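Quick look at target18.txt (compact mmCIF, C-alpha atoms):
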# COMPACT_ATOMS: atom_id res chain seq x y z
CA MET J 1 43.53 49.21 30.70
CA THR J 2 45.15 52.42 32.00
CA LYS J 3 47.27 50.78 34.67
CA PRO J 4 49.78 48.95 32.38
CA MET J 5 50.29 52.21 30.42
CA THR J 6 51.05 54.32 33.50
CA LYS J 7 53.56 51.64 34.54
CA TRP J 8 55.68 52.49 31.46
CA ILE J 9 55.50 56.28 31.71
CA VAL J 10 58.23 56.71 34.32
CA PRO J 11 60.82 54.43 32.66
CA CYS J 12 60.11 56.11 29.34
CA LEU J 13 60.67 59.56 30.83
CA VAL J 14 63.92 58.46 32.47
CA LEU J 15 65.21 56.97 29.25
CA GLY J 16 64.14 60.03 27.28
CA LEU J 17 65.99 62.46 29.59
CA ALA J 18 69.09 60.26 29.62
CA GLY J 19 69.06 60.16 25.86
CA ALA J 20 68.77 63.92 25.64
CA ALA J 21 71.69 64.34 28.04
CA LEU J 22 73.80 61.91 26.05
CA ALA J 23 72.93 63.74 22.85
CA GLN J 24 74.57 66.99 24.22
CA PRO J 25 77.92 67.60 22.49
CA SER J 26 81.07 67.29 24.63
CA PRO J 27 82.94 70.59 25.38
CA ASP J 28 85.56 69.62 22.85
CA ASP J 29 82.91 69.05 20.18
CA ALA J 30 81.19 72.31 21.12
CA ARG J 31 84.51 74.21 20.81
CA LYS J 32 85.13 72.65 17.39
CA ALA J 33 81.61 73.49 16.24
CA CYS J 34 81.95 77.06 17.51
CA THR J 35 85.32 77.52 15.77
CA ALA J 36 83.86 76.18 12.55
CA ALA J 37 80.89 78.52 12.84
CA MET J 38 83.20 81.53 13.54
CA ASN J 39 85.38 80.65 10.56
CA ALA J 40 82.35 80.30 8.37
CA ASP J 41 80.77 83.60 9.42
CA PRO J 42 83.07 86.59 10.23
CA LYS J 43 80.10 88.59 11.57
CA PHE J 44 79.34 85.83 14.07
CA ALA J 45 83.05 85.70 15.00
CA ALA J 46 83.15 89.47 15.66
CA GLU J 47 80.08 89.20 17.85
CA ILE J 48 81.64 86.41 19.90
CA VAL J 49 84.90 88.42 20.37
CA LYS J 50 82.89 91.51 21.41
CA THR J 51 80.94 89.52 23.98
CA ALA J 52 84.17 88.04 25.39
CA ASP J 53 85.77 91.53 25.63
CA GLU J 54 82.75 92.88 27.47
CA ALA J 55 82.91 90.01 29.97
CA ALA J 56 86.65 90.68 30.58
CA ALA J 57 85.98 94.41 31.09
CA LEU J 58 83.24 93.64 33.60
CA ARG J 59 85.67 91.36 35.47
CA ARG J 60 88.34 94.13 35.56
CA ASP J 61 85.77 96.64 36.83
CA ALA J 62 84.76 94.22 39.55
CA GLU J 63 88.44 93.95 40.65
CA THR J 64 88.80 97.75 40.73
CA VAL J 65 85.63 98.05 42.77
CA ALA J 66 86.98 95.35 45.10
CA ALA J 67 90.27 97.31 45.50
CA HIS J 68 88.37 100.47 46.36
CA THR J 69 86.11 98.57 48.72
CA ASP J 70 89.24 97.20 50.36
CA ALA J 71 90.66 100.74 50.70
CA TYR J 72 87.36 101.95 52.10
CA ALA J 73 87.43 99.11 54.61
CA HIS J 74 90.91 100.19 55.67
CA VAL J 75 89.69 103.75 56.08
CA GLN J 76 86.76 102.60 58.16
CA LYS J 77 88.88 100.24 60.21
CA ASN J 78 91.44 102.87 61.11
CA GLU J 79 89.01 105.58 62.09
CA ARG J 80 88.91 104.05 65.57
CA HIS J 81 92.69 104.37 65.93
CA VAL J 82 92.71 107.98 64.76
CA ILE J 83 90.06 108.86 67.33
CA LEU J 84 92.05 107.01 70.01
CA ALA J 85 95.27 108.86 69.11
CA TYR J 86 93.65 112.30 69.16
CA ALA J 87 91.89 111.45 72.42
CA ALA J 88 95.23 110.42 73.92
CA MET J 89 96.77 113.78 72.94
CA TRP J 90 93.88 115.71 74.50
CA ILE J 91 93.90 113.62 77.67
CA VAL J 92 97.64 114.17 78.12
CA ALA J 93 97.29 117.92 77.52
CA VAL J 94 94.32 118.31 79.88
CA GLY J 95 96.07 116.17 82.50
CA PHE J 96 99.14 118.39 82.43
CA VAL J 97 97.08 121.57 82.61
CA LEU J 98 95.27 120.14 85.66
CA PHE J 99 98.64 119.27 87.20
CA LEU J 100 99.88 122.85 86.61
CA TRP J 101 96.67 124.28 88.06
CA ARG J 102 97.04 122.15 91.21
CA ARG J 103 100.67 123.26 91.59
CA GLN J 104 99.55 126.90 91.29
CA GLN J 105 96.93 126.33 93.97
CA ALA J 106 99.53 124.73 96.25
CA LEU J 107 101.82 127.68 95.62
CA LYS J 108 99.10 130.18 96.56
CA LEU J 109 98.43 128.21 99.74
CA GLU J 110 102.13 128.24 100.54
CA ILE J 111 102.21 132.05 100.11
CA VAL J 112 99.23 132.38 102.47
CA HIS J 113 101.01 130.24 105.09
CA LEU J 114 104.23 132.19 104.69
CA ARG J 115 102.42 135.52 105.05
CA ARG J 116 100.65 134.26 108.16
CA ASP J 117 103.95 133.00 109.64
CA LEU J 118 105.67 136.32 108.88
CA GLU J 119 102.82 138.31 110.44
CA ALA J 120 103.00 136.10 113.53
CA ALA J 121 106.77 136.60 113.72
CA ALA J 122 106.35 140.35 113.28
CA LEU J 123 103.82 140.45 116.14
CA GLU J 124 106.19 138.54 118.39
CA ALA J 125 109.06 140.88 117.56
CA LYS J 126 106.89 144.00 117.97
CA PRO J 127 108.73 146.62 120.08
CA ALA J 128 107.17 147.90 123.29
CA GLU J 129 104.47 150.53 122.87
CA PRO J 130 105.78 154.07 123.19
CA ARG J 131 105.15 155.69 126.58
CA THR J 132 102.57 158.43 126.72
CA MET R 1 109.05 137.55 81.02
CA SER R 2 105.95 139.46 80.08
CA LYS R 3 102.73 138.52 81.82
CA LEU R 4 101.06 138.54 78.42
CA ALA R 5 103.32 135.84 76.99
CA VAL R 6 101.39 132.84 78.34
CA PRO R 7 97.90 134.03 77.32
CA VAL R 8 99.12 135.16 73.90
CA PHE R 9 100.87 131.85 73.15
CA THR R 10 97.90 129.87 74.51
CA VAL R 11 95.42 131.72 72.30
CA LEU R 12 97.69 131.34 69.27
CA ALA R 13 98.00 127.63 70.01
CA ALA R 14 94.25 127.19 70.41
CA ILE R 15 93.47 128.95 67.12
CA GLY R 16 96.29 127.17 65.31
CA ILE R 17 95.32 123.72 66.55
CA ALA R 18 91.65 124.29 65.65
CA VAL R 19 92.60 125.34 62.10
CA SER R 20 95.11 122.46 61.87
CA ILE R 21 92.46 119.92 62.80
CA TYR R 22 90.13 121.39 60.20
CA LEU R 23 92.86 121.16 57.54
CA ILE R 24 93.95 117.67 58.61
CA PHE R 25 90.50 116.12 58.47
CA LEU R 26 88.76 118.13 55.77
CA VAL R 27 91.43 119.40 53.38
CA THR R 28 94.53 117.18 53.27
CA PRO R 29 94.14 114.28 50.84
CA LEU R 30 94.54 110.57 51.37
CA GLN R 31 96.72 108.72 48.88
CA PHE R 32 95.71 105.43 47.33
CA GLY R 33 98.60 104.02 45.31
CA LEU R 34 97.45 101.23 42.98
CA ASN R 35 99.67 98.73 41.24
CA GLU R 36 99.07 97.82 37.59
CA ASP R 37 96.96 94.90 38.71
CA GLY R 38 94.66 97.28 40.55
CA LYS R 39 95.81 96.21 44.03
CA LEU R 40 96.79 98.78 46.66
CA ASN R 41 100.54 99.22 47.08
CA GLY R 42 102.77 100.26 50.01
CA SER R 43 102.72 103.98 49.19
CA SER R 44 99.07 104.30 50.15
CA LEU R 45 98.28 106.68 53.00
CA PHE R 46 95.08 105.60 54.68
CA PHE R 47 93.02 107.51 57.20
CA ASN R 48 95.39 106.51 60.01
CA GLN R 49 97.98 108.85 58.45
CA LYS R 50 95.98 111.70 60.07
CA ILE R 51 97.77 110.76 63.29
CA PHE R 52 101.07 111.75 61.65
CA TYR R 53 100.48 115.52 61.77
CA LEU R 54 100.31 116.09 65.52
CA HIS R 55 102.37 113.00 66.44
CA THR R 56 105.34 114.44 64.54
CA ALA R 57 104.77 117.92 65.97
CA HIS R 58 104.91 116.53 69.52
CA ALA R 59 108.01 114.45 68.64
CA MET R 60 109.86 117.47 67.23
CA LEU R 61 109.07 119.59 70.27
CA LEU R 62 110.03 116.73 72.56
CA ILE R 63 113.49 116.85 70.98
CA VAL R 64 113.58 120.66 71.32
CA ALA R 65 112.62 120.38 75.00
CA VAL R 66 115.29 117.79 75.78
CA VAL R 67 117.99 119.75 73.95
CA ALA R 68 116.89 122.94 75.77
CA ALA R 69 117.07 121.09 79.09
CA GLY R 70 120.56 119.81 78.25
CA VAL R 71 121.84 123.26 77.28
CA ALA R 72 120.27 124.90 80.35
CA SER R 73 121.80 122.20 82.54
CA ILE R 74 125.27 122.85 81.11
CA ALA R 75 124.75 126.58 81.80
CA PHE R 76 123.62 125.73 85.34
CA LEU R 77 126.64 123.52 86.06
CA VAL R 78 129.00 126.21 84.70
CA THR R 79 127.41 129.29 86.31
CA ARG R 80 125.59 127.70 89.29
CA ASN R 81 122.80 130.17 88.56
CA ALA R 82 119.54 128.55 89.72
CA ARG R 83 117.57 130.29 86.97
CA TRP R 84 119.12 127.92 84.42
CA ASP R 85 118.11 125.01 86.61
CA ASP R 86 114.51 126.30 86.63
CA ILE R 87 114.50 126.35 82.82
CA ALA R 88 115.96 122.83 82.63
CA SER R 89 113.48 121.48 85.13
CA ALA R 90 110.51 123.09 83.38
CA SER R 91 111.67 121.85 79.97
CA VAL R 92 112.00 118.29 81.25
CA ASP R 93 108.54 118.40 82.83
CA VAL R 94 107.03 119.46 79.51
CA ALA R 95 109.21 116.92 77.67
CA VAL R 96 107.87 114.10 79.85
CA VAL R 97 104.32 115.11 78.92
CA PHE R 98 105.13 115.41 75.23
CA GLY R 99 106.93 112.07 75.46
CA VAL R 100 103.75 110.44 76.77
CA ALA R 101 101.84 111.96 73.85
CA VAL R 102 104.43 110.77 71.31
CA LEU R 103 104.63 107.23 72.70
CA ALA R 104 100.85 106.90 73.04
CA THR R 105 99.99 108.23 69.58
CA GLY R 106 102.90 106.33 68.03
CA SER R 107 101.76 103.10 69.59
CA ILE R 108 98.17 103.61 68.39
CA TRP R 109 99.41 104.46 64.91
CA ALA R 110 101.63 101.37 64.92
CA LYS R 111 98.57 99.26 65.69
CA ALA R 112 96.67 100.88 62.83
CA ALA R 113 99.50 100.70 60.28
CA TRP R 114 101.57 97.66 61.29
CA ASP R 115 98.97 95.80 63.36
CA VAL R 116 101.22 95.76 66.44
CA TRP R 117 101.10 98.06 69.46
CA TRP R 118 104.88 98.11 69.89
CA ASN R 119 107.92 97.08 67.91
CA TRP R 120 111.38 96.82 69.50
CA GLU R 121 113.15 98.50 66.65
CA PRO R 122 115.96 101.05 67.23
CA ARG R 123 114.06 104.32 66.95
CA LEU R 124 111.15 103.22 69.10
CA THR R 125 113.38 101.61 71.70
CA LEU R 126 115.57 104.73 71.94
CA SER R 127 112.46 106.92 72.26
CA LEU R 128 111.31 104.85 75.20
CA LEU R 129 114.79 104.96 76.80
CA LEU R 130 114.94 108.73 76.35
CA TRP R 131 111.55 109.09 78.00
CA LEU R 132 112.69 106.89 80.88
CA ILE R 133 115.76 109.14 81.33
CA LEU R 134 113.40 112.12 81.58
CA VAL R 135 111.24 110.32 84.13
CA GLY R 136 114.48 109.49 86.00
CA TYR R 137 115.33 113.21 85.98
CA VAL R 138 111.99 114.06 87.59
CA LEU R 139 112.39 111.32 90.21
CA VAL R 140 115.96 112.44 91.02
CA ARG R 141 114.80 116.02 91.52
CA ARG R 142 112.05 114.78 93.79
CA PHE R 143 113.95 112.28 95.91
CA ALA R 144 117.74 112.70 95.60
CA GLY R 145 118.18 115.27 98.37
CA PRO R 146 120.45 118.33 98.45
CA SER R 147 122.58 117.44 95.40
CA ALA R 148 119.55 116.55 93.27
CA ASP R 149 119.93 119.59 91.01
CA ARG R 150 123.47 118.64 89.94
CA ILE R 151 122.71 114.93 89.44
CA ALA R 152 119.59 115.87 87.47
CA ALA R 153 121.61 118.32 85.37
CA GLY R 154 123.95 115.48 84.39
CA MET R 155 120.99 113.36 83.36
CA ALA R 156 119.53 116.18 81.28
CA ILE R 157 122.83 116.56 79.42
CA PHE R 158 122.86 112.79 78.83
CA GLY R 159 119.30 113.00 77.46
CA GLY R 160 120.19 115.97 75.25
CA VAL R 161 123.03 113.99 73.65
CA GLY R 162 120.65 111.05 73.17
CA THR R 163 118.35 113.13 70.96
CA TYR R 164 121.07 113.25 68.29
CA PHE R 165 120.94 109.48 67.95
CA LEU R 166 117.16 109.50 68.06
CA TYR R 167 117.00 111.97 65.17
CA THR R 168 119.64 110.39 62.97
CA MET R 169 118.95 106.74 63.69
CA VAL R 170 118.14 104.96 60.47
CA GLY R 171 118.31 101.26 59.91
CA GLN R 172 116.17 98.36 58.98
CA ASP R 173 113.29 99.73 60.98
CA SER R 174 109.73 100.33 59.89
CA HIS R 175 109.54 103.82 61.40
CA PRO R 176 109.71 106.49 58.67
CA ALA R 177 113.08 108.26 58.45
CA ALA R 178 113.79 111.86 59.43
CA GLY R 179 116.04 114.33 57.61
CA GLY R 180 116.48 115.27 53.95
CA GLN R 181 115.02 112.09 52.49
CA GLY R 182 112.59 111.61 55.36
CA VAL R 183 108.84 111.66 55.38
CA VAL R 184 108.58 115.38 56.21
CA ALA R 185 110.86 116.42 53.35
CA THR R 186 108.87 114.33 50.87
CA LEU R 187 105.38 115.36 51.98
CA GLY R 188 102.88 116.00 49.21
CA PRO R 189 101.98 119.66 48.52
CA GLY R 190 98.44 119.15 49.81
CA MET R 191 99.76 118.10 53.20
CA ARG R 192 102.52 120.63 53.88
CA GLY R 193 100.29 123.50 55.02
CA ALA R 194 98.46 121.41 57.63
CA PHE R 195 101.73 119.87 58.80
CA TRP R 196 103.65 123.12 59.33
CA LEU R 197 100.65 124.87 60.88
CA GLY R 198 100.38 121.90 63.28
CA ILE R 199 104.06 122.27 64.17
CA ALA R 200 103.70 126.05 64.75
CA SER R 201 100.56 125.58 66.88
CA VAL R 202 102.04 122.85 69.05
CA ALA R 203 105.20 125.00 69.36
CA CYS R 204 103.06 127.87 70.74
CA TRP R 205 101.42 125.44 73.16
CA PHE R 206 104.86 124.15 74.16
CA VAL R 207 106.20 127.67 74.80
CA ALA R 208 103.13 128.57 76.90
CA LEU R 209 103.59 125.42 79.00
CA VAL R 210 107.33 125.94 79.47
CA ILE R 211 106.89 129.58 80.50
CA THR R 212 104.14 128.64 82.97
CA ARG R 213 106.26 125.86 84.40
CA VAL R 214 109.36 128.06 84.64
CA GLN R 215 107.35 130.72 86.48
CA SER R 216 105.90 128.23 88.95
CA THR R 217 109.25 126.43 89.46
CA ARG R 218 110.94 129.78 90.10
CA ALA R 219 108.21 130.86 92.51
CA GLU R 220 108.44 127.53 94.37
CA ARG R 221 112.21 127.87 94.68
CA GLU R 222 112.02 131.48 95.88
CA LEU R 223 109.37 130.61 98.44
CA ARG R 224 111.48 127.71 99.67
CA GLU R 225 114.52 129.98 99.95
CA ILE R 226 112.54 132.63 101.87
CA ARG R 227 111.24 130.02 104.28
CA GLU R 228 114.73 128.55 104.80
CA ARG R 229 116.17 132.03 105.42
CA GLY R 230 113.35 132.76 107.86
CA LEU R 231 114.08 129.52 109.70
CA ASP R 232 117.82 130.29 109.76
CA LEU R 233 117.19 133.77 111.20
CA GLY R 234 114.72 132.37 113.70
CA VAL R 235 111.97 134.58 112.31
CA LEU R 236 109.91 131.57 111.21
CA GLN R 237 109.23 128.38 113.04
Take the structure in the file and write it out as structure tokens.
Amino acid sequence: MTKPMTKWIVPCLVLGLAGAALAQPSPDDARKACTAAMNADPKFAAEIVKTADEAAALRRDAETVAAHTDAYAHVQKNERHVILAYAAMWIVAVGFVLFLWRRQQALKLEIVHLRRDLEAAALEAKPAEPRT
Amino acid sequence: MSKLAVPVFTVLAAIGIAVSIYLIFLVTPLQFGLNEDGKLNGSSLFFNQKIFYLHTAHAMLLIVAVVAAGVASIAFLVTRNARWDDIASASVDVAVVFGVAVLATGSIWAKAAWDVWWNWEPRLTLSLLLWLILVGYVLVRRFAGPSADRIAAGMAIFGGVGTYFLYTMVGQDSHPAAGGQGVVATLGPGMRGAFWLGIASVACWFVALVITRVQSTRAERELREIRERGLDLGVLQ
């Protein structure tokens, strides 16, 4: 007894859902119905306009946030280059100071050698010791 | 030259650069120019603009160093006084170092702002050529033999003249212009203090380096002359 009934349940459901879908108004019909309703009721019309304005404002805010996020991304992205540039300046400066320091050391060494050479030359040219 | 000059200028430079860095990173504003549609426009100055302050300071003092070397070289060729040659040589040494700083920071900034490391536009190309002339000067002094000082002096004069074109060169290039309508003249009020303090501090650093280099160049030359005289007199071997 129950078996023939269950056999018809699925087709009935499918037909029912299809019918409901077909009963939905088309977008054009919906627009016409909405316009008619707005014309009939100014309060309803004002509410619809308000809702639309709020949606547009939210969209504009989202674009502003996106612009700032973009700027922030630029800031983040370029931090690496700023660090690199400042590091380059410091490396160049420290390198030159090291170079100057090495030149100073070489100069001091040169003075030591010169002094030693002059002392050696002075010893060689030393006059004979005075007689007693 | 007072013995105090180098320490005084170095301390001034250190304090000035520390304060400049504080101002650059914590006080000077960024600028976000937005079009009517809310999109960022070309006048925006992002974080990479922080490179500008000391990059420009080094570039300005590079020009000063090359002009100083050119003038000292003219004086040397006219008077044949080696003291002028010492000043020219020291200025070029410092200019080479500042040139490295300018080219390196400029290249990094170009990557951040234009997304290219190098661009063969007039100002950048001339900067590189000027730096190569300075390197040529150093190589000539090192390897050109007895007449090196006079050849090098000619090169320094050539470089000094080149700075005029470097400063005034404007064209269809992306590099910001110098002069009355240039980027320095049109800086926002919130940026001027940090910029000019940066210039003054790097100038102190530059003076300290040039004085140190002049002193060591002079000492090297005098030592060389003493040794040559000693050899000539047969006192030294």
(message) I need the chain R residues near chain J as a list in words; criterion: at most 7 Å, counting all atoms listed in the file.
(response)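 Those within range of chain J come out as Gly38, Lys39, Leu40, Phe46, Phe47, Asn48, Lys50, Ile51, Val97, Ala101, Ala104, Thr105, Ile108, Trp109, Ala112, Ser216, Glu220, Val235 and Leu236 of chain R.
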(request) Between R:Thr10, R:Ser107, R:Gln49, R:Thr56, single out the one closest to Trp205 in chain R, counting only C-alpha atoms. (result)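 Looking at the shortest contact to Trp205 in chain R, the residue is R:Thr10.
When all atoms listed in the file are used to compute distances to Gly99 in chain R, the closest of the residues R:Val6, R:Val135, R:Leu197, R:Ala13 turns out to be R:Val135.
Applying the 10 Å criterion to (118.0, 122.5, 75.9) in file coordinates and using only C-alpha atoms, one obtains the residues Ile63, Val64, Ala65, Val66, Val67, Ala68, Ala69, Gly70, Val71, Ala72, Ser73, Ile74, Ala75, Ile87, Ala88, Ser91, Val92, Ala156, Ile157, Gly159 and Gly160 of chain R.
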(message) Could you tell me how far CA of Ala18 in chain R sits from CA of Phe52 in chain R, in Å to one decimal place?
(response)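 CA of Phe52 in chain R sits 16.2 Å away from CA of Ala18 in chain R.
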(request) Would you work out the distance separating CA of Ala82 in chain R from CA of Val100 in chain R, expressed in Å to one decimal? (result)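 Here the two named atoms are 27.3 Å from each other.
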Would you compute the box with edges along x, y and z of the file around range 9-17 of chain J, including every atom the file lists for it and 3 Å extra on each side, and give its centre and edge lengths in Å to one decimal, as JSON?
{"center_x": 60.7, "center_y": 58.4, "center_z": 30.8, "size_x": 16.5, "size_y": 14.0, "size_z": 13.0}
(message) My list of candidates is R:Arg123, R:His58, R:Arg141, R:Arg150. Which is closest to Thr168 in chain R when distances are computed with all atoms listed in the file?
(response)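 Using all atoms listed in the file, the shortest distance to Thr168 in chain R belongs to R:Arg123.
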(message) Which residues are near Phe25 in chain R? Cut-off 10 Å, all atoms listed in the file, ignore same chain within fewer than 3 positions. Put them as a list in words.
(response) Ser20, Ile21, Tyr22, Thr28, Pro29, Leu30, Phe47, Lys50 and Ala194 of chain R
Store the residues picked out above in a file with C-alpha atoms, as a PDB file, in the coordinates of the input.
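Contents of the output file selection32.pdb:
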ATOM      1  CA  SER R  20      95.110 122.460  61.870  1.00  0.00           C
ATOM      2  CA  ILE R  21      92.460 119.920  62.800  1.00  0.00           C
ATOM      3  CA  TYR R  22      90.130 121.390  60.200  1.00  0.00           C
ATOM      4  CA  THR R  28      94.530 117.180  53.270  1.00  0.00           C
ATOM      5  CA  PRO R  29      94.140 114.280  50.840  1.00  0.00           C
ATOM      6  CA  LEU R  30      94.540 110.570  51.370  1.00  0.00           C
ATOM      7  CA  PHE R  47      93.020 107.510  57.200  1.00  0.00           C
ATOM      8  CA  LYS R  50      95.980 111.700  60.070  1.00  0.00           C
ATOM      9  CA  ALA R 194      98.460 121.410  57.630  1.00  0.00           C
TER      10      ALA R 194
END
(request) Find the residues around range 48-54 of chain J up to 12 Å (all atoms listed in the file counted), leave out those fewer than 5 positions away in its own chain, and share them as a PyMOL selection string. (result) chain J and resi 34-35+37-39+41-43+59-61
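The closest residue to Val161 in chain R, picked from R:Leu130, R:Trp120, R:Val210, R:Ala200 and counting only C-alpha atoms, is R:Leu130.
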(request) Please identify all polymer residues within 8 Å of Met155 in chain R, counting all atoms listed in the file, omitting same-chain residues fewer than 6 positions from it, and present them as a VMD selection string. (result) chain R and resid 133 to 134 137
(request) Please indicate the distance in Å from CA of Pro7 in chain R to CA of Met191 in chain R, rounded to one decimal place. (result) 29.0 Å
(message) Given all atoms listed in the file as the basis, pick out the residue of R:Val11, R:Phe165, R:Asp86, R:Ala59 nearest to Ala219 in chain R.
(response)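 Nearest candidate to Ala219 in chain R out of R:Val11, R:Phe165, R:Asp86, R:Ala59: R:Asp86.
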